[in-house]
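J.: Sharing a structure with you now.
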Amino acid sequence: MKCIYCGSEESKVLDSRSTDETNAIRRRRECLNCGKRFTTYETIEMTPILVVKNDGSRQAFDINKIKNGMIKACEKRPVTMSQIEEVAANIEKTLQNNFSQEVASSKIGEMVMEALKNLDEVAYVRFASVYRQFKDIDSFKKLLEEL
């Protein structure tokens, strides 16, 4: 880390603490050249995830779209907002850990449906009926029979 006073690259860490409001580490440093102290912050660099839509277009991943879809599916159901946020965070974490910069929107939809199936079956059916765009009653019956 370069000293902000003399430009030397030699410094030692005196104190490290995590910050409460962000995923960052605050480090108090002392320059070995001039002896002055300064503070640095170390943050995790997140690679943006692009969602590949069915038409081939790409857009940035937005966790709020997952939350909004789940909120609509879970309306008037015994599912708390914290459960919805936890599912959405788990999906985002899974996508980040996948080491892929692009993910198909269908993959995200399947992940949401799988989570809803374990959370609330009625919410799962609601989400699946919109996501899979059932054209007739037979395809809807088939989904219900799988449950």
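The way I read the labels, and the way they are meant: chains A, B, ... in the order of the structure tokens, residue 1 as the first residue of every chain, and ligand 1 as the first ligand shown, with later ones counted on from there.
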Extract, using only C-alpha atoms, all DNA, RNA and protein residues at most 9 Å from Arg28 (chain A), discarding same-chain residues fewer than 5 positions from it, and format them as a PyMOL selection string.
T.: chain A and resi 12-17+37-41
J.: Which residues are close to Ile66 (chain A), i.e. within 10 Å by only C-alpha atoms, leaving aside same-chain residues fewer than 6 positions away? Reply as a ChimeraX atom specification.
T.: /A:84-85,87-89,91-92,108-109,112
J.: Find the residues near region 32-36 of chain A: any atom within 8 Å, counting only C-alpha atoms, skip ones fewer than 5 places away on the same chain, and give them as a PyMOL selection string.
T.: chain A and resi 5-6+8+10-12
J.: Restricting the output to N, CA and C atoms, write the selected residues as a compact mmCIF listing (two decimals), in the first residue's frame.
T.:
# COMPACT_ATOMS: atom_id res chain seq x y z
N TYR A 5 1.61 10.17 2.06
CA TYR A 5 2.47 11.32 2.34
C TYR A 5 3.77 11.31 1.53
N CYS A 6 4.45 10.16 1.50
CA CYS A 6 5.75 10.12 0.82
C CYS A 6 5.78 9.20 -0.41
N SER A 8 5.96 5.94 -0.44
CA SER A 8 6.66 4.68 -0.19
C SER A 8 5.66 3.53 -0.18
N GLU A 10 6.24 0.70 1.43
CA GLU A 10 6.50 -0.09 2.63
C GLU A 10 5.72 0.49 3.81
N SER A 11 4.78 -0.30 4.32
CA SER A 11 4.03 0.12 5.51
C SER A 11 3.68 -1.13 6.31
N LYS A 12 3.33 -0.90 7.57
CA LYS A 12 2.90 -2.03 8.39
C LYS A 12 1.51 -1.73 8.94
J.: DSSP on the backbone: what in region 13-114 of chain A comes out strand (DSSP E), as a PyMOL selection string?
T.: chain A and resi 13-18+24-31+37-43+50-52+58-60+102-104
J.: Using only C-alpha atoms, pick whichever of A:Cys3, A:Ser106, A:Gln101, A:Ala123 has the shortest atom-to-atom distance to Ile71 (chain A).
T.: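 That would be A:Ala123, the residue with the smallest distance to Ile71 (chain A).
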J.: With a distance cut-off of 10 Å and only C-alpha atoms, select the neighbouring residues of Val103 (chain A), excluding the residue or stretch itself and same-chain residues fewer than 3 positions from it, and output the selection as a count of residues only.
T.: 13
J.: Between CA of Met1 (chain A) and CA of Cys31 (chain A), what is the distance in Å, rounded to a tenth?
T.: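 Answer for the CA of Met1 (chain A) to CA of Cys31 (chain A) separation: 9.2 Å.
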J.: Could you state the separation of CA of Val79 (chain A) and CA of Gln59 (chain A) in Å, given to one decimal place?
T.: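 So the two atoms, CA of Val79 (chain A) and CA of Gln59 (chain A), lie 28.9 Å apart.
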J.: Between CA of Lys76 (chain A) and CA of Ile63 (chain A), what distance in Å does the model show, to one decimal?
T.: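 For CA of Lys76 (chain A) relative to CA of Ile63 (chain A), the distance reads 21.8 Å.
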J.: Report as a PDB file with C-alpha atoms, in the first residue's frame: the residues of chain A with a DSSP assignment of alpha helix (DSSP H), based on the backbone of this structure.
T.:
ATOM      1  CA  ILE A  63     -31.877  -8.923  -6.759  1.00  0.00           C
ATOM      2  CA  ASN A  64     -34.952  -6.705  -6.446  1.00  0.00           C
ATOM      3  CA  LYS A  65     -36.539  -8.441  -9.444  1.00  0.00           C
ATOM      4  CA  ILE A  66     -36.310 -11.758  -7.598  1.00  0.00           C
ATOM      5  CA  LYS A  67     -37.743 -10.210  -4.435  1.00  0.00           C
ATOM      6  CA  ASN A  68     -40.622  -8.528  -6.299  1.00  0.00           C
ATOM      7  CA  GLY A  69     -41.571 -11.734  -8.104  1.00  0.00           C
ATOM      8  CA  MET A  70     -41.527 -13.673  -4.855  1.00  0.00           C
ATOM      9  CA  ILE A  71     -43.544 -10.996  -3.032  1.00  0.00           C
ATOM     10  CA  LYS A  72     -46.278 -11.260  -5.678  1.00  0.00           C
ATOM     11  CA  ALA A  73     -46.275 -15.063  -5.483  1.00  0.00           C
ATOM     12  CA  MET A  81     -40.301 -10.737   4.204  1.00  0.00           C
ATOM     13  CA  SER A  82     -37.172 -12.013   5.942  1.00  0.00           C
ATOM     14  CA  GLN A  83     -37.715 -15.450   4.347  1.00  0.00           C
ATOM     15  CA  ILE A  84     -38.057 -13.832   0.920  1.00  0.00           C
ATOM     16  CA  GLU A  85     -34.900 -11.767   1.462  1.00  0.00           C
ATOM     17  CA  GLU A  86     -33.006 -14.834   2.669  1.00  0.00           C
ATOM     18  CA  VAL A  87     -33.987 -16.844  -0.427  1.00  0.00           C
ATOM     19  CA  ALA A  88     -33.036 -13.958  -2.725  1.00  0.00           C
ATOM     20  CA  ALA A  89     -29.686 -13.511  -0.946  1.00  0.00           C
ATOM     21  CA  ASN A  90     -28.972 -17.247  -1.198  1.00  0.00           C
ATOM     22  CA  ILE A  91     -29.710 -17.199  -4.935  1.00  0.00           C
ATOM     23  CA  GLU A  92     -27.433 -14.186  -5.411  1.00  0.00           C
ATOM     24  CA  LYS A  93     -24.663 -15.859  -3.382  1.00  0.00           C
ATOM     25  CA  THR A  94     -25.005 -19.061  -5.421  1.00  0.00           C
ATOM     26  CA  LEU A  95     -24.724 -17.082  -8.651  1.00  0.00           C
ATOM     27  CA  GLN A  96     -21.676 -15.160  -7.363  1.00  0.00           C
ATOM     28  CA  ASN A  97     -19.980 -18.404  -6.287  1.00  0.00           C
ATOM     29  CA  SER A 105     -32.785 -16.018 -16.835  1.00  0.00           C
ATOM     30  CA  SER A 106     -34.337 -19.489 -16.993  1.00  0.00           C
ATOM     31  CA  LYS A 107     -31.730 -20.745 -14.513  1.00  0.00           C
ATOM     32  CA  ILE A 108     -32.656 -17.985 -12.061  1.00  0.00           C
ATOM     33  CA  GLY A 109     -36.363 -18.764 -12.516  1.00  0.00           C
ATOM     34  CA  GLU A 110     -35.736 -22.440 -11.783  1.00  0.00           C
ATOM     35  CA  MET A 111     -33.782 -21.516  -8.640  1.00  0.00           C
ATOM     36  CA  VAL A 112     -36.652 -19.321  -7.413  1.00  0.00           C
ATOM     37  CA  MET A 113     -39.212 -22.064  -8.131  1.00  0.00           C
ATOM     38  CA  GLU A 114     -37.133 -24.650  -6.265  1.00  0.00           C
ATOM     39  CA  ALA A 115     -36.864 -22.351  -3.240  1.00  0.00           C
ATOM     40  CA  LEU A 116     -40.596 -21.573  -3.303  1.00  0.00           C
ATOM     41  CA  LYS A 117     -41.462 -25.258  -3.558  1.00  0.00           C
ATOM     42  CA  ASN A 118     -39.733 -25.789  -0.201  1.00  0.00           C
ATOM     43  CA  LEU A 119     -41.126 -22.580   1.296  1.00  0.00           C
ATOM     44  CA  GLU A 121     -46.497 -24.753  -2.294  1.00  0.00           C
ATOM     45  CA  VAL A 122     -49.224 -22.244  -3.159  1.00  0.00           C
ATOM     46  CA  ALA A 123     -46.625 -19.527  -3.775  1.00  0.00           C
ATOM     47  CA  TYR A 124     -44.702 -22.048  -5.883  1.00  0.00           C
ATOM     48  CA  VAL A 125     -47.760 -22.753  -8.058  1.00  0.00           C
ATOM     49  CA  ARG A 126     -48.452 -19.028  -8.442  1.00  0.00           C
ATOM     50  CA  PHE A 127     -44.878 -18.274  -9.470  1.00  0.00           C
ATOM     51  CA  ALA A 128     -44.705 -21.295 -11.788  1.00  0.00           C
ATOM     52  CA  SER A 129     -47.972 -20.378 -13.503  1.00  0.00           C
ATOM     53  CA  VAL A 130     -46.603 -16.943 -14.428  1.00  0.00           C
ATOM     54  CA  TYR A 131     -43.031 -18.085 -15.090  1.00  0.00           C
ATOM     55  CA  ILE A 137     -55.322 -26.257 -18.183  1.00  0.00           C
ATOM     56  CA  ASP A 138     -53.586 -29.583 -18.943  1.00  0.00           C
ATOM     57  CA  SER A 139     -50.087 -28.189 -18.509  1.00  0.00           C
ATOM     58  CA  PHE A 140     -51.221 -26.561 -15.255  1.00  0.00           C
ATOM     59  CA  LYS A 141     -52.705 -29.876 -14.040  1.00  0.00           C
ATOM     60  CA  LYS A 142     -49.434 -31.607 -14.823  1.00  0.00           C
ATOM     61  CA  LEU A 143     -47.565 -29.211 -12.538  1.00  0.00           C
ATOM     62  CA  LEU A 144     -50.067 -29.760  -9.750  1.00  0.00           C
ATOM     63  CA  GLU A 145     -49.800 -33.543 -10.105  1.00  0.00           C
ATOM     64  CA  GLU A 146     -46.004 -33.290  -9.692  1.00  0.00           C
TER      65      GLU A 146
END
J.: With a distance cut-off of 12 Å and only C-alpha atoms, select the neighbouring residues of Thr19 (chain A), excluding the residue or stretch itself and same-chain residues fewer than 6 positions from it, and output the selection as an mmCIF file with N, CA and C atoms, in the first residue's frame.
T.:
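What ended up in out-v4.cif:
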data_model
loop_
_atom_site.group_PDB
_atom_site.id
_atom_site.type_symbol
_atom_site.label_atom_id
_atom_site.label_comp_id
_atom_site.auth_asym_id
_atom_site.auth_seq_id
_atom_site.Cartn_x
_atom_site.Cartn_y
_atom_site.Cartn_z
ATOM 1 N N ILE A 25 -12.957 -3.889 5.427
ATOM 2 C CA ILE A 25 -12.042 -3.961 6.563
ATOM 3 C C ILE A 25 -11.280 -2.650 6.618
ATOM 4 N N ARG A 26 -11.300 -2.040 7.788
ATOM 5 C CA ARG A 26 -10.578 -0.787 8.009
ATOM 6 C C ARG A 26 -9.201 -1.140 8.565
ATOM 7 N N ARG A 27 -8.152 -0.647 7.924
ATOM 8 C CA ARG A 27 -6.788 -0.931 8.382
ATOM 9 C C ARG A 27 -6.077 0.379 8.705
ATOM 10 N N THR A 40 -6.652 2.817 5.566
ATOM 11 C CA THR A 40 -7.102 2.279 4.284
ATOM 12 C C THR A 40 -8.324 1.399 4.530
ATOM 13 N N TYR A 41 -9.117 1.231 3.494
ATOM 14 C CA TYR A 41 -10.280 0.355 3.554
ATOM 15 C C TYR A 41 -10.145 -0.694 2.468
ATOM 16 N N GLU A 42 -10.372 -1.924 2.844
ATOM 17 C CA GLU A 42 -10.279 -3.047 1.917
ATOM 18 C C GLU A 42 -11.689 -3.588 1.716
ATOM 19 N N THR A 43 -12.148 -3.629 0.465
ATOM 20 C CA THR A 43 -13.490 -4.136 0.170
ATOM 21 C C THR A 43 -13.414 -5.280 -0.820
#
